[in-house]
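**Student:** Sharing upload-v3.pdb, PDB, N, CA and C atoms:
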ATOM      1  N   MET A   1      77.173 245.716-179.147
ATOM      2  CA  MET A   1      78.510 245.746-179.702
ATOM      3  C   MET A   1      79.028 244.329-179.829
ATOM      4  N   LEU A   2      79.628 244.053-180.938
ATOM      5  CA  LEU A   2      80.160 242.731-181.187
ATOM      6  C   LEU A   2      81.642 242.688-180.847
ATOM      7  N   THR A   3      82.052 241.616-180.201
ATOM      8  CA  THR A   3      83.474 241.431-179.930
ATOM      9  C   THR A   3      84.159 241.029-181.225
ATOM     10  N   PRO A   4      85.469 241.202-181.313
ATOM     11  CA  PRO A   4      86.164 240.814-182.546
ATOM     12  C   PRO A   4      85.959 239.340-182.904
ATOM     13  N   THR A   5      85.919 238.471-181.913
ATOM     14  CA  THR A   5      85.724 237.046-182.181
ATOM     15  C   THR A   5      84.356 236.785-182.804
ATOM     16  N   VAL A   6      83.319 237.422-182.256
ATOM     17  CA  VAL A   6      81.968 237.247-182.791
ATOM     18  C   VAL A   6      81.884 237.805-184.202
ATOM     19  N   ARG A   7      82.539 238.929-184.439
ATOM     20  CA  ARG A   7      82.529 239.520-185.779
ATOM     21  C   ARG A   7      83.171 238.586-186.803
ATOM     22  N   VAL A   8      84.293 237.969-186.436
ATOM     23  CA  VAL A   8      84.984 237.054-187.354
ATOM     24  C   VAL A   8      84.121 235.821-187.613
ATOM     25  N   LEU A   9      83.557 235.244-186.556
ATOM     26  CA  LEU A   9      82.701 234.070-186.728
ATOM     27  C   LEU A   9      81.483 234.388-187.597
ATOM     28  N   ALA A  10      80.865 235.534-187.352
ATOM     29  CA  ALA A  10      79.705 235.927-188.154
ATOM     30  C   ALA A  10      80.105 236.137-189.614
ATOM     31  N   ALA A  11      81.282 236.711-189.845
ATOM     32  CA  ALA A  11      81.750 236.924-191.216
ATOM     33  C   ALA A  11      82.013 235.598-191.919
ATOM     34  N   ILE A  12      82.578 234.641-191.202
ATOM     35  CA  ILE A  12      82.835 233.322-191.799
ATOM     36  C   ILE A  12      81.526 232.640-192.160
ATOM     37  N   ILE A  13      80.582 232.625-191.212
ATOM     38  CA  ILE A  13      79.287 231.983-191.464
ATOM     39  C   ILE A  13      78.551 232.674-192.619
ATOM     40  N   ALA A  14      78.557 234.001-192.616
ATOM     41  CA  ALA A  14      77.871 234.747-193.677
ATOM     42  C   ALA A  14      78.523 234.496-195.031
ATOM     43  N   SER A  15      79.846 234.425-195.058
ATOM     44  CA  SER A  15      80.541 234.155-196.322
ATOM     45  C   SER A  15      80.192 232.770-196.845
ATOM     46  N   LEU A  16      80.155 231.787-195.941
ATOM     47  CA  LEU A  16      79.782 230.431-196.350
ATOM     48  C   LEU A  16      78.343 230.392-196.868
ATOM     49  N   MET A  17      77.438 231.123-196.198
ATOM     50  CA  MET A  17      76.046 231.179-196.672
ATOM     51  C   MET A  17      75.973 231.813-198.052
ATOM     52  N   LEU A  18      76.688 232.903-198.225
ATOM     53  CA  LEU A  18      76.673 233.609-199.503
ATOM     54  C   LEU A  18      77.212 232.719-200.626
ATOM     55  N   LEU A  19      78.368 232.124-200.391
ATOM     56  CA  LEU A  19      78.959 231.266-201.419
ATOM     57  C   LEU A  19      78.110 230.023-201.668
ATOM     58  N   GLY A  20      77.618 229.397-200.596
ATOM     59  CA  GLY A  20      76.756 228.225-200.756
ATOM     60  C   GLY A  20      75.491 228.558-201.513
ATOM     61  N   GLY A  21      74.918 229.714-201.223
ATOM     62  CA  GLY A  21      73.720 230.143-201.940
ATOM     63  C   GLY A  21      73.993 230.371-203.413
ATOM     64  N   LEU A  22      75.138 230.986-203.722
ATOM     65  CA  LEU A  22      75.488 231.221-205.130
ATOM     66  C   LEU A  22      75.706 229.904-205.873
ATOM     67  N   VAL A  23      76.377 228.954-205.218
ATOM     68  CA  VAL A  23      76.591 227.645-205.842
ATOM     69  C   VAL A  23      75.251 226.949-206.069
ATOM     70  N   THR A  24      74.372 227.015-205.053
ATOM     71  CA  THR A  24      73.059 226.386-205.170
ATOM     72  C   THR A  24      72.234 227.025-206.289
ATOM     73  N   ILE A  25      72.318 228.343-206.412
ATOM     74  CA  ILE A  25      71.613 229.025-207.503
ATOM     75  C   ILE A  25      72.141 228.529-208.850
ATOM     76  N   GLY A  26      73.466 228.348-208.925
ATOM     77  CA  GLY A  26      74.059 227.878-210.178
ATOM     78  C   GLY A  26      73.641 226.464-210.542
ATOM     79  N   ILE A  27      73.412 225.639-209.507
ATOM     80  CA  ILE A  27      73.071 224.237-209.774
ATOM     81  C   ILE A  27      71.564 224.020-209.854
ATOM     82  N   LEU A  28      70.825 224.528-208.862
ATOM     83  CA  LEU A  28      69.400 224.225-208.749
ATOM     84  C   LEU A  28      68.476 225.386-209.116
ATOM     85  N   GLY A  29      69.034 226.538-209.389
ATOM     86  CA  GLY A  29      68.190 227.686-209.715
ATOM     87  C   GLY A  29      67.905 228.530-208.491
ATOM     88  N   ILE A  30      66.710 229.026-208.392
ATOM     89  CA  ILE A  30      66.333 230.014-207.384
ATOM     90  C   ILE A  30      66.352 229.485-205.943
ATOM     91  N   THR A  31      66.539 228.187-205.772
ATOM     92  CA  THR A  31      66.510 227.567-204.442
ATOM     93  C   THR A  31      67.503 228.212-203.479
ATOM     94  N   GLY A  32      68.671 228.618-203.933
ATOM     95  CA  GLY A  32      69.701 229.174-203.054
ATOM     96  C   GLY A  32      69.612 230.660-202.837
ATOM     97  N   LEU A  33      68.578 231.291-203.333
ATOM     98  CA  LEU A  33      68.458 232.745-203.215
ATOM     99  C   LEU A  33      68.385 233.211-201.767
ATOM    100  N   TRP A  34      67.636 232.479-200.943
ATOM    101  CA  TRP A  34      67.467 232.890-199.544
ATOM    102  C   TRP A  34      68.812 232.933-198.821
ATOM    103  N   ALA A  35      69.616 231.885-198.959
ATOM    104  CA  ALA A  35      70.924 231.839-198.298
ATOM    105  C   ALA A  35      71.833 232.949-198.817
ATOM    106  N   THR A  36      71.764 233.228-200.092
ATOM    107  CA  THR A  36      72.584 234.283-200.680
ATOM    108  C   THR A  36      72.219 235.647-200.112
ATOM    109  N   VAL A  37      70.943 235.930-200.039
ATOM    110  CA  VAL A  37      70.479 237.228-199.534
ATOM    111  C   VAL A  37      70.818 237.393-198.049
ATOM    112  N   VAL A  38      70.580 236.366-197.259
ATOM    113  CA  VAL A  38      70.870 236.455-195.822
ATOM    114  C   VAL A  38      72.376 236.594-195.587
ATOM    115  N   GLY A  39      73.184 235.818-196.283
ATOM    116  CA  GLY A  39      74.637 235.930-196.141
ATOM    117  C   GLY A  39      75.139 237.314-196.517
ATOM    118  N   ALA A  40      74.628 237.851-197.604
ATOM    119  CA  ALA A  40      75.026 239.200-198.028
ATOM    120  C   ALA A  40      74.578 240.244-197.013
ATOM    121  N   ALA A  41      73.375 240.093-196.474
ATOM    122  CA  ALA A  41      72.871 241.059-195.480
ATOM    123  C   ALA A  41      73.727 241.052-194.221
ATOM    124  N   ILE A  42      74.138 239.875-193.777
ATOM    125  CA  ILE A  42      74.992 239.800-192.580
ATOM    126  C   ILE A  42      76.337 240.468-192.855
ATOM    127  N   LEU A  43      76.934 240.209-194.003
ATOM    128  CA  LEU A  43      78.215 240.839-194.335
ATOM    129  C   LEU A  43      78.085 242.360-194.407
ATOM    130  N   ILE A  44      77.019 242.843-194.994
ATOM    131  CA  ILE A  44      76.800 244.296-195.065
ATOM    132  C   ILE A  44      76.632 244.874-193.661
ATOM    133  N   ALA A  45      75.876 244.196-192.813
ATOM    134  CA  ALA A  45      75.679 244.672-191.439
ATOM    135  C   ALA A  45      77.000 244.717-190.676
ATOM    136  N   LEU A  46      77.866 243.742-190.876
ATOM    137  CA  LEU A  46      79.162 243.735-190.199
ATOM    138  C   LEU A  46      80.042 244.887-190.658
ATOM    139  N   VAL A  47      79.944 245.232-191.923
ATOM    140  CA  VAL A  47      80.744 246.349-192.440
ATOM    141  C   VAL A  47      80.217 247.675-191.915
ATOM    142  N   VAL A  48      78.906 247.808-191.863
ATOM    143  CA  VAL A  48      78.297 249.082-191.472
ATOM    144  C   VAL A  48      78.320 249.286-189.950
ATOM    145  N   GLU A  49      78.157 248.197-189.197
ATOM    146  CA  GLU A  49      78.067 248.300-187.734
ATOM    147  C   GLU A  49      79.346 248.877-187.155
ATOM    148  N   ARG A  50      79.193 249.803-186.274
ATOM    149  CA  ARG A  50      80.322 250.400-185.562
ATOM    150  C   ARG A  50      80.045 250.356-184.077
ATOM    151  N   ASN A  51      81.104 250.281-183.316
ATOM    152  CA  ASN A  51      80.932 250.366-181.871
ATOM    153  C   ASN A  51      80.660 251.804-181.497
ATOM    154  N   ARG A  52      79.781 252.005-180.533
ATOM    155  CA  ARG A  52      79.359 253.342-180.151
ATOM    156  C   ARG A  52      80.495 254.106-179.479
ATOM    157  N   TYR A  53      80.614 255.378-179.805
ATOM    158  CA  TYR A  53      81.520 256.310-179.153
ATOM    159  C   TYR A  53      82.985 255.905-179.250
ATOM    160  N   ARG A  54      83.372 255.141-180.240
ATOM    161  CA  ARG A  54      84.763 254.722-180.363
ATOM    162  C   ARG A  54      85.376 255.314-181.628
ATOM    163  N   SER A  55      86.669 255.530-181.571
ATOM    164  CA  SER A  55      87.369 256.039-182.746
ATOM    165  C   SER A  55      87.565 254.917-183.755
ATOM    166  N   GLU A  56      87.766 255.297-185.000
ATOM    167  CA  GLU A  56      88.016 254.291-186.034
ATOM    168  C   GLU A  56      89.327 253.569-185.764
ATOM    169  N   ALA A  57      90.312 254.278-185.216
ATOM    170  CA  ALA A  57      91.597 253.638-184.904
ATOM    171  C   ALA A  57      91.415 252.542-183.856
ATOM    172  N   ALA A  58      90.591 252.785-182.846
ATOM    173  CA  ALA A  58      90.337 251.768-181.816
ATOM    174  C   ALA A  58      89.575 250.593-182.408
ATOM    175  N   ASP A  59      88.647 250.854-183.314
ATOM    176  CA  ASP A  59      87.904 249.774-183.963
ATOM    177  C   ASP A  59      88.826 248.902-184.813
ATOM    178  N   ARG A  60      89.722 249.536-185.558
ATOM    179  CA  ARG A  60      90.622 248.782-186.439
ATOM    180  C   ARG A  60      91.663 247.990-185.663
ATOM    181  N   SER A  61      92.077 248.492-184.493
ATOM    182  CA  SER A  61      93.125 247.814-183.729
ATOM    183  C   SER A  61      92.563 246.756-182.788
ATOM    184  N   PHE A  62      91.218 246.633-182.732
ATOM    185  CA  PHE A  62      90.552 245.662-181.864
ATOM    186  C   PHE A  62      90.879 245.877-180.389
ATOM    187  N   GLU A  63      91.107 247.146-179.989
ATOM    188  CA  GLU A  63      91.300 247.434-178.566
ATOM    189  C   GLU A  63      90.028 247.068-177.821
ATOM    190  N   ARG A  64      90.182 246.769-176.539
ATOM    191  CA  ARG A  64      89.002 246.442-175.751
ATOM    192  C   ARG A  64      88.085 247.655-175.679
ATOM    193  N   VAL A  65      86.814 247.391-175.510
ATOM    194  CA  VAL A  65      85.820 248.460-175.429
ATOM    195  C   VAL A  65      85.796 248.981-174.006
ATOM    196  N   GLY A  66      85.807 250.297-173.866
ATOM    197  CA  GLY A  66      85.744 250.888-172.543
ATOM    198  C   GLY A  66      84.322 250.890-172.002
ATOM    199  N   PRO A  67      84.166 251.256-170.745
ATOM    200  CA  PRO A  67      82.826 251.311-170.153
ATOM    201  C   PRO A  67      81.923 252.256-170.934
ATOM    202  N   GLY A  68      80.675 251.871-171.100
ATOM    203  CA  GLY A  68      79.727 252.698-171.831
ATOM    204  C   GLY A  68      79.938 252.675-173.322
ATOM    205  N   GLY A  69      80.838 251.823-173.806
ATOM    206  CA  GLY A  69      81.086 251.713-175.235
ATOM    207  C   GLY A  69      82.087 252.707-175.763
ATOM    208  N   GLY A  70      82.722 253.482-174.892
ATOM    209  CA  GLY A  70      83.691 254.476-175.339
ATOM    210  C   GLY A  70      85.101 253.934-175.375
ATOM    211  N   GLU A  71      86.050 254.844-175.387
ATOM    212  CA  GLU A  71      87.460 254.472-175.391
ATOM    213  C   GLU A  71      87.825 253.921-174.011
ATOM    214  N   PRO A  72      88.782 252.992-173.940
ATOM    215  CA  PRO A  72      89.250 252.529-172.638
ATOM    216  C   PRO A  72      89.910 253.671-171.871
ATOM    217  N   SER A  73      89.730 253.703-170.561
ATOM    218  CA  SER A  73      90.320 254.764-169.741
ATOM    219  C   SER A  73      91.836 254.734-169.862
ATOM    220  N   GLY A  74      92.422 255.914-170.000
ATOM    221  CA  GLY A  74      93.872 256.031-170.051
ATOM    222  C   GLY A  74      94.489 255.714-171.400
ATOM    223  N   SER A  75      93.693 255.508-172.435
ATOM    224  CA  SER A  75      94.258 255.131-173.737
ATOM    225  C   SER A  75      94.242 256.276-174.749
ATOM    226  N   LEU A  76      93.871 257.467-174.333
ATOM    227  CA  LEU A  76      93.782 258.587-175.276
ATOM    228  C   LEU A  76      95.153 259.194-175.541
ATOM    229  N   ASP A  77      95.329 259.676-176.772
ATOM    230  CA  ASP A  77      96.538 260.424-177.104
ATOM    231  C   ASP A  77      96.552 261.711-176.288
ATOM    232  N   PRO A  78      97.748 262.215-175.980
ATOM    233  CA  PRO A  78      97.833 263.469-175.210
ATOM    234  C   PRO A  78      97.224 264.674-175.930
ATOM    235  N   ARG A  79      97.035 264.581-177.255
ATOM    236  CA  ARG A  79      96.460 265.715-177.995
ATOM    237  C   ARG A  79      94.999 265.959-177.644
ATOM    238  N   PHE A  80      94.333 264.972-177.046
ATOM    239  CA  PHE A  80      92.925 265.130-176.664
ATOM    240  C   PHE A  80      92.834 265.759-175.286
ATOM    241  N   ARG A  81      92.084 266.853-175.218
ATOM    242  CA  ARG A  81      91.912 267.590-173.960
ATOM    243  C   ARG A  81      90.497 267.403-173.448
ATOM    244  N   ARG A  82      90.385 267.287-172.153
ATOM    245  CA  ARG A  82      89.085 267.134-171.494
ATOM    246  C   ARG A  82      88.253 268.387-171.735
ATOM    247  N   SER A  83      87.000 268.208-172.112
ATOM    248  CA  SER A  83      86.100 269.351-172.295
ATOM    249  C   SER A  83      85.084 269.359-171.158
ATOM    250  N   ALA A  84      84.293 270.406-171.104
ATOM    251  CA  ALA A  84      83.258 270.504-170.076
ATOM    252  C   ALA A  84      82.012 269.709-170.451
ATOM    253  N   GLU A  85      81.970 269.205-171.679
ATOM    254  CA  GLU A  85      80.778 268.520-172.176
ATOM    255  C   GLU A  85      80.694 267.081-171.662
ATOM    256  N   THR A  86      79.533 266.740-171.135
ATOM    257  CA  THR A  86      79.239 265.359-170.744
ATOM    258  C   THR A  86      77.820 265.021-171.203
ATOM    259  N   PHE A  87      77.527 263.736-171.263
ATOM    260  CA  PHE A  87      76.169 263.291-171.563
ATOM    261  C   PHE A  87      75.990 261.911-170.952
ATOM    262  N   VAL A  88      74.757 261.507-170.793
ATOM    263  CA  VAL A  88      74.458 260.185-170.255
ATOM    264  C   VAL A  88      74.091 259.276-171.424
ATOM    265  N   ASP A  89      74.822 258.171-171.552
ATOM    266  CA  ASP A  89      74.535 257.202-172.594
ATOM    267  C   ASP A  89      73.184 256.565-172.294
ATOM    268  N   PRO A  90      72.223 256.626-173.223
ATOM    269  CA  PRO A  90      70.879 256.123-172.936
ATOM    270  C   PRO A  90      70.803 254.600-172.794
ATOM    271  N   THR A  91      71.781 253.883-173.310
ATOM    272  CA  THR A  91      71.753 252.430-173.225
ATOM    273  C   THR A  91      72.321 251.910-171.917
ATOM    274  N   THR A  92      73.440 252.491-171.483
ATOM    275  CA  THR A  92      74.124 251.992-170.293
ATOM    276  C   THR A  92      73.924 252.860-169.059
ATOM    277  N   ASP A  93      73.336 254.043-169.237
ATOM    278  CA  ASP A  93      73.180 255.022-168.149
ATOM    279  C   ASP A  93      74.515 255.452-167.547
ATOM    280  N   ARG A  94      75.579 255.388-168.332
ATOM    281  CA  ARG A  94      76.898 255.840-167.886
ATOM    282  C   ARG A  94      77.102 257.274-168.345
ATOM    283  N   ARG A  95      77.693 258.074-167.481
ATOM    284  CA  ARG A  95      78.043 259.448-167.855
ATOM    285  C   ARG A  95      79.319 259.396-168.682
ATOM    286  N   MET A  96      79.250 259.988-169.873
ATOM    287  CA  MET A  96      80.379 259.982-170.797
ATOM    288  C   MET A  96      80.992 261.384-170.850
ATOM    289  N   ARG A  97      82.314 261.453-170.769
ATOM    290  CA  ARG A  97      83.054 262.711-170.856
ATOM    291  C   ARG A  97      83.587 262.849-172.280
ATOM    292  N   VAL A  98      83.489 264.044-172.828
ATOM    293  CA  VAL A  98      83.960 264.321-174.181
ATOM    294  C   VAL A  98      85.377 264.889-174.105
ATOM    295  N   PHE A  99      86.287 264.329-174.908
ATOM    296  CA  PHE A  99      87.645 264.831-175.057
ATOM    297  C   PHE A  99      87.792 265.297-176.496
ATOM    298  N   VAL A 100      88.439 266.455-176.698
ATOM    299  CA  VAL A 100      88.504 267.069-178.024
ATOM    300  C   VAL A 100      89.949 267.369-178.385
ATOM    301  N   ASP A 101      90.290 267.108-179.649
ATOM    302  CA  ASP A 101      91.569 267.536-180.211
ATOM    303  C   ASP A 101      91.337 268.939-180.754
ATOM    304  N   GLY A 102      91.953 269.929-180.146
ATOM    305  CA  GLY A 102      91.714 271.325-180.505
ATOM    306  C   GLY A 102      92.109 271.681-181.929
ATOM    307  N   SER A 103      93.090 270.975-182.493
ATOM    308  CA  SER A 103      93.542 271.330-183.840
ATOM    309  C   SER A 103      92.653 270.754-184.936
ATOM    310  N   THR A 104      92.030 269.602-184.701
ATOM    311  CA  THR A 104      91.211 268.975-185.742
ATOM    312  C   THR A 104      89.721 268.938-185.402
ATOM    313  N   GLY A 105      89.382 269.116-184.127
ATOM    314  CA  GLY A 105      87.988 269.017-183.706
ATOM    315  C   GLY A 105      87.536 267.578-183.494
ATOM    316  N   GLU A 106      88.454 266.631-183.669
ATOM    317  CA  GLU A 106      88.134 265.211-183.472
ATOM    318  C   GLU A 106      87.767 264.975-182.011
ATOM    319  N   ARG A 107      86.777 264.107-181.793
ATOM    320  CA  ARG A 107      86.259 263.879-180.451
ATOM    321  C   ARG A 107      86.437 262.424-180.042
ATOM    322  N   ARG A 108      86.624 262.229-178.727
ATOM    323  CA  ARG A 108      86.669 260.904-178.126
ATOM    324  C   ARG A 108      85.770 260.922-176.902
ATOM    325  N   TYR A 109      85.214 259.769-176.552
ATOM    326  CA  TYR A 109      84.272 259.672-175.451
ATOM    327  C   TYR A 109      84.761 258.629-174.464
ATOM    328  N   VAL A 110      84.834 259.015-173.188
ATOM    329  CA  VAL A 110      85.300 258.126-172.130
ATOM    330  C   VAL A 110      84.293 258.158-171.000
ATOM    331  N   ALA A 111      83.946 256.967-170.482
ATOM    332  CA  ALA A 111      83.005 256.897-169.359
ATOM    333  C   ALA A 111      83.661 257.463-168.109
ATOM    334  N   GLU A 112      82.889 258.246-167.367
ATOM    335  CA  GLU A 112      83.376 258.750-166.093
ATOM    336  C   GLU A 112      83.044 257.736-165.013
ATOM    337  N   ASP A 113      83.948 257.600-164.058
ATOM    338  CA  ASP A 113      83.703 256.645-162.971
ATOM    339  C   ASP A 113      82.736 257.160-161.958
TER     340      ASP A 113
END
In structure tokens, what does this structure look like?

**Tutor:**
Amino acid sequence: MLTPTVRVLAAIIASLMLLGGLVTIGILGITGLWATVVGAAILIALVVERNRYRSEAADRSFERVGPGGGEPSGSLDPRFRRSAETFVDPTTDRRMRVFVDGSTGERRYVAED
């Protein structure tokens, strides 16, 4: 998982590579193709990459990541109810508890202590 600072720095570097590669292609020809492709690939990866077990709202607001990559403890809306479902995150070996919004079926994941 990338922190917001790392994501911004990677986006800046990738944008500079992409633009520099395009300028180089315009001036020298195919020489700048490598920088253009790598810069574009990094930008695409940043757009596609998501933090594990987190809501889109938490990703957009840059809230801190909770244990196991889920929501921070105590930050869930009251509409989410604790369910009986749990699982072990294979990366962190943390037991994750599933919380469900009964009206929409939306799910949130919080590490159990």

**Student:** Nearest residue to Val23 (chain A) out of A:Ala35, A:Asp113, A:Val47, A:Ser83, using only C-alpha atoms?

**Tutor:**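 Of all the options, A:Ala35 lies closest to Val23 (chain A).
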
**Student:** If I take atom C of Thr31 (chain A) and atom C of Ser15 (chain A), how far is one from the other in Å, to one decimal?

**Tutor:**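 Computing the Euclidean distance for atom C of Thr31 (chain A) and atom C of Ser15 (chain A) yields 15.0 Å.
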
**Student:** Which is closest to Arg95 (chain A) among A:Arg81, A:Glu112, A:Leu46, A:Arg107, if we use only N, CA and C atoms?

**Tutor:** A:Glu112

**Student:** Given the file shown, enumerate the residues that the PyMOL selection byres ((chain A and resi 21) around 7) captures and present them as a list in words.

**Tutor:**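 This file gives the following for the PyMOL selection byres ((chain A and resi 21) around 7): Leu16, Met17, Leu18, Leu19, Gly20, Leu22, Val23, Thr24, Ile25, Gly26, Thr31, Gly32, Leu33, Trp34, Ala35, Thr36 and Val37 of chain A.
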
**Student:** So how far away is atom C of Glu49 (chain A) from CA of Val88 (chain A), in Å?

**Tutor:**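 Taking CA of Val88 (chain A) and atom C of Glu49 (chain A), their separation equals 20.9 Å.
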